[in-house]
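Student: If you scroll down you'll find the structure; I have some questions about it.
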2 protein chains.
Amino acid sequence: MADRQTTSERPHVAAKRYIYAWGSGTAEGNGTMKDLLGGKGAGLAEMTLAGLPTPPGFTITTVACNDYFASGKQLPEGLWQDVLDAMKQVEERSGKGFGNAANPLLVSVRSGAKFSMPGMMDTVLNLGLNAETLRGLIALSGNERFGWDAYRRFISMFGRIVMDVKAERFDEPLEHAKAKHGKDAKDTDLTVEDLKGLVDVFKAVVREDTGREFPADPYEQLDLAIKAVFGSWFGKRAFDYRNSQKIAHDLGTAVNVVTMVFGNMGDDSGTGVAFTRNTFDGTNELYGEYLTNAQGEDVVAGIRTPSKIAKLKEDMPAAYDEFVRIGQQLEQHYKDVQDLEFTIEKGRLYMLQTRVAKRTADAAVKIAVQMVNEGLITKREAVERIEPAQVDQLLRRQFDRAALQATQDIVKGLNASPGAAVGKAVFDADTAVEWQARGERVVLVRVETSPDDFHGMAVAEGILTARGGATSHAAVVARQIGKPCVAGCADLLVDYGTKTARAAGGGSFGQGDWISVDGNTGKVYIGALPTVDARFEDQKELQTILGWADEIRRLGVWTNADKPEEAAQARAWGAQGIGLCRTEHMFREGDRLEIVRDAILVANVATRAKAKLAAGGELAADEAAAVATFDAAMAKLETLQEGDFEGIFKAMDGLPVVVRLIDPPLHEFLPNLEDQLVKVTRAEMSGGASEEDKQLLATIKSMHEQNPMLGLRGCRLGIMIPDFVKIQTRAIINAQVARRRAGGNPISKIMIPLVGHVNELRATRTLLAAEADKIVAAASDVKVDYKFGTMIEIPRGALTADEIATEASFFSFGTNDLTQMTFGYSRDDAEGGFLLKYVEDKILPVNPFQTLDDAVAGLMKIAVDKGRSTRPDLELGICGEHGGDPESIHKCEKIGLDYVSCSPFRVPVARLAAAQAVLATQHDK
Amino acid sequence: MADRQTTSERPHVAAKRYIYAWGSGTAEGNGTMKDLLGGKGAGLAEMTLAGLPTPPGFTITTVACNDYFASGKQLPEGLWQDVLDAMKQVEERSGKGFGNAANPLLVSVRSGAKFSMPGMMDTVLNLGLNAETLRGLIALSGNERFGWDAYRRFISMFGRIVMDVKAERFDEPLEHAKAKHGKDAKDTDLTVEDLKGLVDVFKAVVREDTGREFPADPYEQLDLAIKAVFGSWFGKRAFDYRNSQKIAHDLGTAVNVVTMVFGNMGDDSGTGVAFTRNTFDGTNELYGEYLTNAQGEDVVAGIRTPSKIAKLKEDMPAAYDEFVRIGQQLEQHYKDVQDLEFTIEKGRLYMLQTRVAKRTADAAVKIAVQMVNEGLITKREAVERIEPAQVDQLLRRQFDRAALQATQDIVKGLNASPGAAVGKAVFDADTAVEWQARGERVVLVRVETSPDDFHGMAVAEGILTARGGATSHAAVVARQIGKPCVAGCADLLVDYGTKTARAAGGGSFGQGDWISVDGNTGKVYIGALPTVDARFEDQKELQTILGWADEIRRLGVWTNADKPEEAAQARAWGAQGIGLCRTEHMFREGDRLEIVRDAILVANVATRAKAKLAAGGELAADEAAAVATFDAAMAKLETLQEGDFEGIFKAMDGLPVVVRLIDPPLHEFLPNLEDQLVKVTRAEMSGGASEEDKQLLATIKSMHEQNPMLGLRGCRLGIMIPDFVKIQTRAIINAQVARRRAGGNPISKIMIPLVGHVNELRATRTLLAAEADKIVAAASDVKVDYKFGTMIEIPRGALTADEIATEASFFSFGTNDLTQMTFGYSRDDAEGGFLLKYVEDKILPVNPFQTLDDAVAGLMKIAVDKGRSTRPDLELGICGEHGGDPESIHKCEKIGLDYVSCSPFRVPVARLAAAQAVLATQHDK
């Protein structure tokens, strides 16, 4: 036993396996080993194992990286010897020699973590070059300029990344050399002599800045490069990026040492990138571009215009056929569209990378449906593969596709908030407000935004910033207020002084110039690109996917709609009921506001007078007059509202409609206090205010509340002035009677808002049920069904849900208010204020008004459990804005709600998210 | 077995025992049987068993009452025969005959429920009188007028209560008869002939109104009277009273049939009421009054002036001695002061009632201490016997005792809210406001109050209403706003037309007349009675009781105090620490407000500029200027606040001081928006507003919040503008250093308010601990201890207390805000508005801002359990106003807090309540 322990301990300490090689059709790792080998290393191993042609190489594991840091930035024991052994194997497999002047092996040293961190980590190419091997390279390629260009690039790249020489120390001599060829000269204008000169200068720079010669020994180069790539794991960029993306810091990066292959060895060479299907429109065709006699860099840099991938068939039919076959093989293997990088060196195809391809929303749904039809994936996999944000994007106004393809963007940033924005560029918030007020459409362009810019952002069509990431002020606010936003366009130079912006790649615009900003892609265009409304009806594949989602999901998806046309649209998009029909507008529209104001002015006097009458008292003349005025107004409103409800019941025939009785405080129907105060003050200074204005001001003041959110509204209002809710109830029931008589099937659920104590609900319900029952009894020819329920939107309501459920047949969680009160936030004040800083500084992980907070969800769970404890068949839904947010929908699934209700345009998103929530729950099990 | 079951079932069904008799030194019931016999019946049985002389009688049980209603208002089977048997026994014990013309037995039929319901239920006296027995009564009493007066009273009383004849049908002929003797004639002016005439008229009235003769048969009288008393249990008055007092409706009332004894049988007869100790000032002496040759009614009606009880010793020494002995015996028996009713009939003493005596607050504490010293009760019993409200009363301003005793009240109502109010009578709220504004002290007099009167109540010294009970609008509001109130003075006729009030017993006052209203007793006086401040130091007995309470209680009692003098007072009253030192006034007092305003105007610009500097940026000139202005203001405030804290630490030397960092939103330090708006508007209309005023208006507008309660305040403010809390922290720590150097022992606990998420606390704590530690490190000569904790006042804070406790060494529940947010109420708006109606209509059982709501307490319990789960030694207190409310203190005991903190003048109340909470918990076990 003792012996075995010793044996098993030894390899752990002394013989850790740090290296996994691949090549010649075999590999020590495989595609499942992303933790250890990183994404790139695992992919290369997997491709090799699948028999695909890859340039030989090896991966140094993430464990080696962690051990490197653990031992104070020393290569762990044994690693270097393993590297030397692995290099021998690579030499054998490539048939070249590392440092061999006649037949030099060059390698790239590339980072590769578990999660892709684009551009955040370091890579060094062409390792192994020195004065001797350069000669071999030139001989083999037959291209002197290529050789010297590669050499000067290698020195500056290595110098910068490995030896910490500042980039500008190389940039300056390069600019100087180019300047000799004219003002706008490019790299390609440099001659062989220029390049040779630069190599000398660069070597001198390294010598000056580091005090040592540029290392000529390939193995020294390799040692230093490996350490540099390890080191870049804790570089500032990478560290910040992981923080922002919530990636753990202890994952470490792998290091891939890969044989360089050259697509620029002549006309039988080439390089390219391609997708196994069209990731722009979803067509099932190989889609990409390539260049003959070129290196990968040339494709990326855009120096030469690449050809469509189809041309490869003409140029090198054998290589093309092999590439097509490989693409299909990889797609079958990974069951998804692949993003491929390849190089052909002297007729021989090498696969450099394969990964799941990013795609447009449109392509995503089309490809998913195709693949289900091909039997490649299941319906469930198809549903899981679509992001809710893509559905959202498909239903937003978008740029016309043809126009997009025909237009070159001038700059690209982070796609921070989706949608298409077209407007005139303005460079400050005040101008945005001013121009918008005179009817202009504007896009606000800033270096970065601050809370002072909020008023400008609120009126702009979209926002464009030069600095800041996905959680910058601009990005957070834009998503919050639903504006398209492109953030962090590092290549856009914004000059407030001249009110112009200039793209690094050329192109500029000034204040008043039309620009188009694509929040879906992060691209910015000069001019006003045409946009198109998204038509759900035309998106057959989307409908197919959502149909599959419907088969999977448990949660119902209802909608928040106040008007028949909204209800009809939501129904067409799949809504199974109205979860929140707000009735406030029924008091506001058209002439009604005037009627309501008449009523409000006498409401308190009339209500007290009625109570007096009921108690057997007699009314004074002014009291009787108030009652008459009040009742007349109420009667008018009742008739109008009955018509409103008929329309809604007709649109939702056969589906449930949750009608929320009037909720806002009455003073919202009166003019603003400040405005009226200024009006009366002004009038008094110039001859005197009218009695009417003064009385109105007095009424507004008497109704003014310190904190209207927490004031006389919801059921409190109905208890104080019962007529407002009595007429609403009568209007609902009478509308149902009318619809029944017309052969319809109206289903009403009357929702009493803002209940915090069961007695509020009991008192209101008793009052209203009496009104309803009178009408039901009188309409004996038809059957009318109605139910009473409540919103749970006050913490106390949630905490006492067992009591409240005894009086409610359903709960609908009003998570907007519930979040406000649970946090003690006033949304109106907070979202433009401290909440921005809270999200920016990570005091809160997310804006809790966008995504349901866990503590609020916990409170809902308490309410669900308590409510069901006294009423097992309690119907439970959510009607706050969270009902349309995918992450929140997942929480609703876990809490066990029966349905979510969201705005009509979020209904498709919610259908998908609800299905994904079920699948996620199954995965959890 | 089967046999025994049958036997035990039989009495339950067929032979229920409905009657418990007493007399001749024996009784079938006893004092513990209040449920079955009611309070009066149990008391009479107990006195009889104790060997005391009682008039013989019997009690029909509460079960009989319930059975009566259960069988459709039929006497239950067997009951009547039992009554006849019991009457036989009474005849034997009294030596008189029921219906015997020569020696008539008369009885009273009295209601008697478990709980006293004063004046709510019916009683009939002199039952058994008819034309024949009247002759015997006259012969025995030798007083013809007495006999006829008793007879006419009996007919009207029986007619009204038993036969449902309206009272005015008897009152009219009575008034008519009196009118013959002059305008202001009284009952006593009626002659025997008048009374004989009235008897005829009354009998005719009964005949007319009921269609039957007045019953002459004593047993018929008895049958009807028993049913009438049963029936009065569901009379409207009794029903409403039980609802208001939360007495169950199924308790039922017992009926007591008691031999009438007459104190008006000559000079060897008499009647009186007495207390075994002085219930006014607590002196240990027999205290009461009596009348020779008189009936109980005469004492109550105040027709003759009674003598002090001491005179009985001279008049009837034997009876007096017996009475004294009985009183002592009862006190020993019940271990409390007794309220006794007695009658002496022809030298023979009868005890009619004994019950625990009501007493003044002053008497209550003195008597309790006496009784402990006498060994009659334990300290625990003494502590339990004092009501917290009495302690409160003893510490409020009171009327001068001598003046009270020397002055006759004009009317008495319900003591709805304690304290002494002196002011000029006003009859409407607007006048109250107007007069108060010009410096007058006013008392608002209304028939009843409504929400429209709130502004008048708020400025009045006290409130007096003619209608409404303990839960009327006036009573509820008065208690809420801490104003003395006497409500429901039914004998006060308030005439708004003439602005006068007239007492039924004489006396009146008009608008502007001084009146004095005693909220402790419910009495109203004409004129301005002198008042005295209560001096805790002089109240030795109170201090003794509180000392005993301290030995019992588990909860600490701390105080909410902001200034040294408040702290010192609270400490003298027993406070063991400061649980809440608000620091807002430190920004407001004197010149400071101007400094703060200077700072606020530049606060945002300066704070952002500082962040820019910290990030390595450079400041524009205006930014630098803002920083300079801001920092200068902050430095001044820091110095001033350090002085404030030194004073507080000195006053509380050696005791903990919880300092809450600045909490209110900054706009509270600026002028009101409306005022500034009017100012600027006016100035603009007449030549133009100053730049300063316009800028101030702009700042106020920019800081304006829709719902400031839920806005930028508490820790949110400190996160947005850290300097405000940084200077406060430095001032606290520097003050501690100074106190230490002066030899003091300052103990600070720094409380961060309004925390809803642990990250808020972590960020603030980290920031402030750094400030504090710098000072502590610099002051190496002294040891300074400080701790950080938080207020739990946001529902989310309570729900995530486990996370928050990881950053807090203590929690203090801010139950004012916690109640606001848990209910979704804005206290400022609700308490003058819908909350009044809610309490009045019993939608809420109590005002949750006065007494901790159960759901809020439940939320606190969640927080306590979660908090202790991650930090077992977490210190837990409460600093909302509930900390001084006895019922809430009981809940704090149950929840398991460590201490309560309340305003200084509530500290003694809290000490008592905390002890009672322990005792109540022990009783529960």
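Ordering of the structure tokens sets the chain letters (A, B, ...); residue numbers start at 1 within each chain; ligands are numbered from 1 in the order shown.
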DSSP on the backbone, strand (DSSP E) only: what residues of segment 703-918 of chain B does that give? Format it as a list in words.
Tutor: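 Going through segment 703-918 of chain B, the strand (DSSP E) residues come out as Ile747, Ser748, Lys749, Ile750, Met751, Ile752, Tyr786, Lys787, Phe788, Gly789, Thr790, Met791, Ile792, Phe810, Phe811, Ser812, Phe813, Glu875, Leu876, Gly877, Ile878, Tyr899, Val900, Ser901 and Cys902 of chain B.
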Student: Residues within 7 Å of Pro795 of chain B, please, as a VMD selection string. Count only C-alpha atoms; anything in the same chain fewer than 6 positions from it doesn't count.
Tutor: (chain A and resid 822 to 823) or (chain B and resid 818 821 to 822)
Student: Please measure the separation of atom CA of Pro388 of chain B and atom CA of Thr360 of chain B, giving the value in Å to one decimal.
Tutor: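 Interatomic distance here is 12.8 Å.
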Student: Which chain A residues have any atom within 6 Å of an atom of chain B, and for each, what is the nearest pair of atoms with distance in Å to one decimal, counting only C-alpha atoms, rows sorted by chain and number, as CSV?
Tutor:
```
residue,atom,partner,partner_atom,distance
A:Glu705,CA,B:Asp829,CA,5.9
A:Asn707,CA,B:Asn707,CA,4.4
A:Leu710,CA,B:Tyr825,CA,4.7
A:Gly711,CA,B:Ser826,CA,6.0
A:Gly756,CA,B:Phe823,CA,6.0
A:Asn759,CA,B:Ile843,CA,5.2
A:Pro795,CA,B:Thr822,CA,4.9
A:Arg796,CA,B:Thr822,CA,5.1
A:Met821,CA,B:Met821,CA,5.5
A:Thr822,CA,B:Pro795,CA,4.9
A:Phe823,CA,B:Arg796,CA,5.5
A:Gly824,CA,B:Leu710,CA,5.1
A:Tyr825,CA,B:Leu710,CA,4.7
A:Ser826,CA,B:Leu710,CA,5.0
A:Asp829,CA,B:Glu705,CA,5.9
A:Ile843,CA,B:Asn759,CA,5.2
```
Student: Go ahead and save the picked residues with C-alpha atoms, as a PDB file, in the first residue's frame.
Tutor:
```
ATOM      1  CA  GLU A 705     -48.175  63.660  -3.107  1.00  0.00           C
ATOM      2  CA  ASN A 707     -44.162  60.046  -3.361  1.00  0.00           C
ATOM      3  CA  LEU A 710     -46.447  54.969  -2.906  1.00  0.00           C
ATOM      4  CA  GLY A 711     -49.574  57.049  -2.783  1.00  0.00           C
ATOM      5  CA  GLY A 756     -50.918  44.742   0.220  1.00  0.00           C
ATOM      6  CA  ASN A 759     -58.751  43.147   3.511  1.00  0.00           C
ATOM      7  CA  PRO A 795     -43.725  43.203  -0.862  1.00  0.00           C
ATOM      8  CA  ARG A 796     -46.396  42.825   1.785  1.00  0.00           C
ATOM      9  CA  MET A 821     -40.487  48.511  -3.701  1.00  0.00           C
ATOM     10  CA  THR A 822     -38.263  45.564  -2.896  1.00  0.00           C
ATOM     11  CA  PHE A 823     -35.212  47.640  -3.805  1.00  0.00           C
ATOM     12  CA  GLY A 824     -36.657  50.937  -2.631  1.00  0.00           C
ATOM     13  CA  TYR A 825     -35.990  52.419  -6.056  1.00  0.00           C
ATOM     14  CA  SER A 826     -38.091  54.871  -7.985  1.00  0.00           C
ATOM     15  CA  ASP A 829     -35.466  58.615 -10.943  1.00  0.00           C
ATOM     16  CA  ILE A 843     -22.607  47.154  -7.547  1.00  0.00           C
TER      17      ILE A 843
END
```
Student: How far is it from atom CA of Val257 of chain A to atom CA of Gly57 of chain A, in Å with one decimal?
Tutor: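 That distance, rounded to one decimal, is 5.4 Å.
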Student: Report as number ranges by chain all protein, DNA and RNA residues lying within 12 Å of Met47 of chain B, evaluated on only C-alpha atoms, omitting residues in the same chain fewer than 6 positions from it.
Tutor: B: 22-32, 40-41, 53-56, 326-327, 329-331, 333-334, 340, 350-355
Student: Just the residues within 10 Å of Asp122 of chain A, please, counting only C-alpha atoms, with nothing from its chain fewer than 5 positions along; format it as a PyMOL selection string.
Tutor: chain A and resi 109-112+157+161-162+225+228-233+235+238+255
Student: Which residue is closest to Val782 of chain B? Choose from B:Leu75, B:Leu125, B:Leu376, B:Ile733 and count only C-alpha atoms.
Tutor: B:Ile733
Student: As a PyMOL selection string, please: every residue in segment 707-885 of chain B that DSSP puts in helix (DSSP H, G or I).
Tutor: chain B and resi 708-710+715-720+723-741+758-778+795-799+801-804+815-823+827-830+834-840+854-870+881-884
Student: Would you mind listing what lies within 12 Å of Ala501 of chain B as JSON, numbers by chain, with only C-alpha atoms counted and same-chain residues fewer than 5 positions away left out?
Tutor: {"B": [410, 411, 425, 426, 427, 444, 445, 446, 447, 464, 465, 466, 489, 490, 491, 492, 493, 494, 495, 496, 506, 507, 508, 509, 510, 511, 512, 513, 515, 524, 526]}
Student: If we count only C-alpha atoms and set the cut-off at 10 Å, which residues sit around Asp773 of chain A, ignoring sequence neighbours fewer than 3 positions away in its own chain? Please answer as number ranges by chain.
Tutor: A: 730, 733, 768-770, 776-779, 784, 786
Student: How would the residues just picked look written out with N, CA and C atoms as an mmCIF file, in the first residue's frame?
Tutor:
```cif
data_model
loop_
_atom_site.group_PDB
_atom_site.id
_atom_site.type_symbol
_atom_site.label_atom_id
_atom_site.label_comp_id
_atom_site.auth_asym_id
_atom_site.auth_seq_id
_atom_site.Cartn_x
_atom_site.Cartn_y
_atom_site.Cartn_z
ATOM 1 N N ARG A 730 -68.765 47.468 -14.280
ATOM 2 C CA ARG A 730 -70.014 47.381 -15.043
ATOM 3 C C ARG A 730 -69.733 47.380 -16.533
ATOM 4 N N ILE A 733 -68.501 43.877 -17.596
ATOM 5 C CA ILE A 733 -69.537 42.837 -17.598
ATOM 6 C C ILE A 733 -70.563 43.121 -18.701
ATOM 7 N N LEU A 768 -67.312 45.107 -5.882
ATOM 8 C CA LEU A 768 -67.414 44.976 -7.336
ATOM 9 C C LEU A 768 -68.217 43.740 -7.739
ATOM 10 N N ALA A 769 -68.103 42.680 -6.952
ATOM 11 C CA ALA A 769 -68.877 41.481 -7.272
ATOM 12 C C ALA A 769 -70.368 41.812 -7.215
ATOM 13 N N ALA A 770 -70.737 42.683 -6.282
ATOM 14 C CA ALA A 770 -72.150 43.072 -6.183
ATOM 15 C C ALA A 770 -72.595 43.772 -7.470
ATOM 16 N N VAL A 776 -75.191 40.386 -14.275
ATOM 17 C CA VAL A 776 -75.276 38.979 -14.673
ATOM 18 C C VAL A 776 -76.694 38.464 -14.436
ATOM 19 N N ALA A 777 -77.259 38.839 -13.297
ATOM 20 C CA ALA A 777 -78.604 38.376 -12.975
ATOM 21 C C ALA A 777 -79.621 38.929 -13.979
ATOM 22 N N ALA A 778 -79.422 40.177 -14.382
ATOM 23 C CA ALA A 778 -80.365 40.803 -15.303
ATOM 24 C C ALA A 778 -80.249 40.208 -16.715
ATOM 25 N N ALA A 779 -79.039 39.783 -17.079
ATOM 26 C CA ALA A 779 -78.834 39.237 -18.430
ATOM 27 C C ALA A 779 -78.974 37.725 -18.385
ATOM 28 N N VAL A 784 -72.366 34.632 -18.476
ATOM 29 C CA VAL A 784 -71.170 35.490 -18.410
ATOM 30 C C VAL A 784 -70.292 35.022 -17.249
ATOM 31 N N TYR A 786 -66.837 35.608 -14.998
ATOM 32 C CA TYR A 786 -65.752 36.536 -14.660
ATOM 33 C C TYR A 786 -65.108 36.038 -13.385
#
```
Student: To one decimal place in Å, what is the distance between atom CA of Gly519 of chain A and atom CA of Ala416 of chain A?
Tutor: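 Spanning atom CA of Gly519 of chain A to atom CA of Ala416 of chain A is a straight-line distance of 6.4 Å.
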Student: Please provide the set of residues having any atom within 10 Å of Arg145 of chain B, restricted to only C-alpha atoms, with same-chain residues fewer than 5 positions apart removed, written as a list in words.
Tutor: Ile138, Ala150, Tyr151, Thr188, Leu190, Thr191, Val192, Glu193, Asp194, Leu195 and Lys196 of chain B
Student: For all heavy atoms, I'd like the residues from the last selection saved as a short mmCIF file (atom, residue, chain, number, x, y, z; two decimals), in the first residue's frame.
Tutor:
```
data_model
loop_
_atom_site.label_atom_id
_atom_site.label_comp_id
_atom_site.auth_asym_id
_atom_site.auth_seq_id
_atom_site.Cartn_x
_atom_site.Cartn_y
_atom_site.Cartn_z
N ILE B 138 -94.63 50.27 50.44
CA ILE B 138 -94.86 51.55 51.12
C ILE B 138 -94.95 51.32 52.64
O ILE B 138 -94.35 52.07 53.42
CB ILE B 138 -96.16 52.21 50.58
CG1 ILE B 138 -95.91 52.67 49.13
CG2 ILE B 138 -96.58 53.38 51.46
CD1 ILE B 138 -97.16 53.14 48.40
N ALA B 150 -90.82 54.56 42.82
CA ALA B 150 -90.23 53.31 42.36
C ALA B 150 -91.14 52.64 41.32
O ALA B 150 -90.66 52.09 40.30
CB ALA B 150 -90.01 52.36 43.55
N TYR B 151 -92.44 52.72 41.55
CA TYR B 151 -93.39 52.06 40.67
C TYR B 151 -93.39 52.70 39.27
O TYR B 151 -93.32 52.02 38.24
CB TYR B 151 -94.78 52.10 41.31
CG TYR B 151 -95.77 51.13 40.67
CD1 TYR B 151 -95.36 49.91 40.11
CD2 TYR B 151 -97.13 51.44 40.64
CE1 TYR B 151 -96.28 49.04 39.55
CE2 TYR B 151 -98.06 50.57 40.07
CZ TYR B 151 -97.62 49.38 39.53
OH TYR B 151 -98.54 48.53 38.96
N THR B 188 -87.64 65.53 41.55
CA THR B 188 -87.94 65.58 42.99
C THR B 188 -89.07 66.53 43.33
O THR B 188 -89.60 66.51 44.43
CB THR B 188 -86.68 66.00 43.78
OG1 THR B 188 -86.07 67.09 43.10
CG2 THR B 188 -85.71 64.84 43.89
N LEU B 190 -91.87 66.41 41.89
CA LEU B 190 -93.15 65.73 41.65
C LEU B 190 -93.76 65.26 42.97
O LEU B 190 -93.05 64.75 43.84
CB LEU B 190 -92.92 64.51 40.73
CG LEU B 190 -92.42 64.84 39.31
CD1 LEU B 190 -92.06 63.55 38.59
CD2 LEU B 190 -93.48 65.62 38.53
N THR B 191 -95.08 65.46 43.09
CA THR B 191 -95.79 65.04 44.31
C THR B 191 -96.24 63.60 44.15
O THR B 191 -96.19 63.02 43.06
CB THR B 191 -97.02 65.92 44.54
OG1 THR B 191 -97.90 65.70 43.41
CG2 THR B 191 -96.64 67.39 44.60
N VAL B 192 -96.71 63.01 45.26
CA VAL B 192 -97.27 61.67 45.21
C VAL B 192 -98.41 61.61 44.20
O VAL B 192 -98.52 60.66 43.41
CB VAL B 192 -97.75 61.23 46.61
CG1 VAL B 192 -98.53 59.92 46.54
CG2 VAL B 192 -96.57 61.10 47.55
N GLU B 193 -99.22 62.67 44.17
CA GLU B 193 -100.35 62.68 43.25
C GLU B 193 -99.84 62.69 41.80
O GLU B 193 -100.38 62.00 40.94
CB GLU B 193 -101.26 63.90 43.51
CG GLU B 193 -102.07 63.79 44.78
CD GLU B 193 -102.72 62.42 44.96
OE1 GLU B 193 -103.44 61.98 44.03
OE2 GLU B 193 -102.45 61.74 45.99
N ASP B 194 -98.84 63.51 41.57
CA ASP B 194 -98.23 63.53 40.22
C ASP B 194 -97.79 62.12 39.82
O ASP B 194 -98.03 61.65 38.71
CB ASP B 194 -96.98 64.42 40.20
CG ASP B 194 -97.30 65.91 40.33
OD1 ASP B 194 -98.43 66.29 39.97
OD2 ASP B 194 -96.40 66.65 40.78
N LEU B 195 -97.12 61.43 40.77
CA LEU B 195 -96.56 60.12 40.48
C LEU B 195 -97.67 59.11 40.22
O LEU B 195 -97.58 58.30 39.29
CB LEU B 195 -95.66 59.65 41.64
CG LEU B 195 -94.41 60.54 41.85
CD1 LEU B 195 -93.74 60.19 43.18
CD2 LEU B 195 -93.41 60.33 40.69
N LYS B 196 -98.72 59.17 41.02
CA LYS B 196 -99.86 58.28 40.80
C LYS B 196 -100.44 58.52 39.41
O LYS B 196 -100.75 57.57 38.67
CB LYS B 196 -100.94 58.53 41.86
CG LYS B 196 -100.59 57.96 43.23
CD LYS B 196 -101.74 58.23 44.21
CE LYS B 196 -101.41 57.65 45.58
NZ LYS B 196 -102.43 58.04 46.59
#
```
